[in-house]
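A.B. asks: My structure is below; once you've seen it, I'll send some questions.
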Amino acid sequence: MPRIALTAIAALTALVLAWPGVFLPTETRAYTVQTVEVSELGFNPAVCRMNREYVRFHNAGATPIRVIRPGVVASDPPLIDTGVLQPGEYSTEIIIPHGGTTVFYDFDRPQHSVTVVTPVWVEHWEPSCTPDPNFTPPQPPCRTNPSCLRLPALAVD
């Protein structure tokens with residue numbers, strides 16, 4: 001009996017080695033990575049709606065940029081830091097495993113931010129995180145409005 005069992009095991013092993021695709025799952029596991037562009041002008045898009053997967057940043061500008069997610073308290077170090085991204089460089093993928101909103105900032109220009117929104121009550125939804133090819137930052141409200149109230153600035157010494 002043991003001789004028959006050893007022969008059967010050897011035959012099964014040979015079969016598995018000869019045709020590995022037969023016994024392996026045909027569905028490959030892959031994960032989705034959403035890319036957000038960042039430059040001196042800001043983030044593109046400003047809101048990235050994605051599933052609970054991965055996000056990365058692409059420096060589409062002409063100067064080095066560092067993207068962070070700040071710590072809980074102002075004196076804390078950043079929770080997430082991409083390091084300095086050179087022009088044209090991509091950051092590593094950052095997993096967002098929970099539902100809700102996560103805000104990332106340009107370290108040198110904290111007025112520039114991107115909000116990553118992930119589903120809370122459902123497991124998946126349709127992502128919307130494609131950069132706009134015609135992206136231009138918003139202008140200050142009074143720059144193009146001729147009816148905007150302008151007050152002179154007085155210097156006091």
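Quick note on naming: the chains in the structure tokens go A, B, ... in the order shown, residues restart at 1 in each chain, and ligands are numbered from 1 in order of appearance.
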For His112 of chain A, find every residue with an atom within 6 Å (counting only C-alpha atoms), except residues of its own chain fewer than 5 positions away, and show them as a ChimeraX atom specification.

C.D. replies: /A:42,105-106

A.B. asks: Write out as a tab-separated table the residues of segment 27-101 of chain A that have any atom within 7 Å of an atom of segment 117-135 of chain A, one row each with the nearest atom pair and its distance in Å to one decimal, counting only C-alpha atoms, sorted by chain and then rising number.

C.D. replies:
residue	atom	partner	partner_atom	distance
A:Gln34	CA	A:Cys129	CA	6.5
A:Val36	CA	A:Pro131	CA	6.6
A:Glu37	CA	A:Pro131	CA	6.7
A:Asn44	CA	A:Pro131	CA	5.1
A:Pro45	CA	A:Pro131	CA	5.1
A:Cys48	CA	A:Cys129	CA	4.5
A:Arg49	CA	A:Val117	CA	4.8
A:Met50	CA	A:Pro127	CA	4.4
A:Asn51	CA	A:Thr118	CA	5.3
A:Arg52	CA	A:Thr118	CA	5.8
A:Gly99	CA	A:Val120	CA	4.3
A:Gly100	CA	A:Thr118	CA	5.2
A:Thr101	CA	A:Val117	CA	4.5

A.B. asks: Tell me, which residues of segment 6-131 of chain A carry DSSP helix (DSSP H, G or I), written as an MDAnalysis selection string?

C.D. replies: chainID A and resid 6:18 20:23
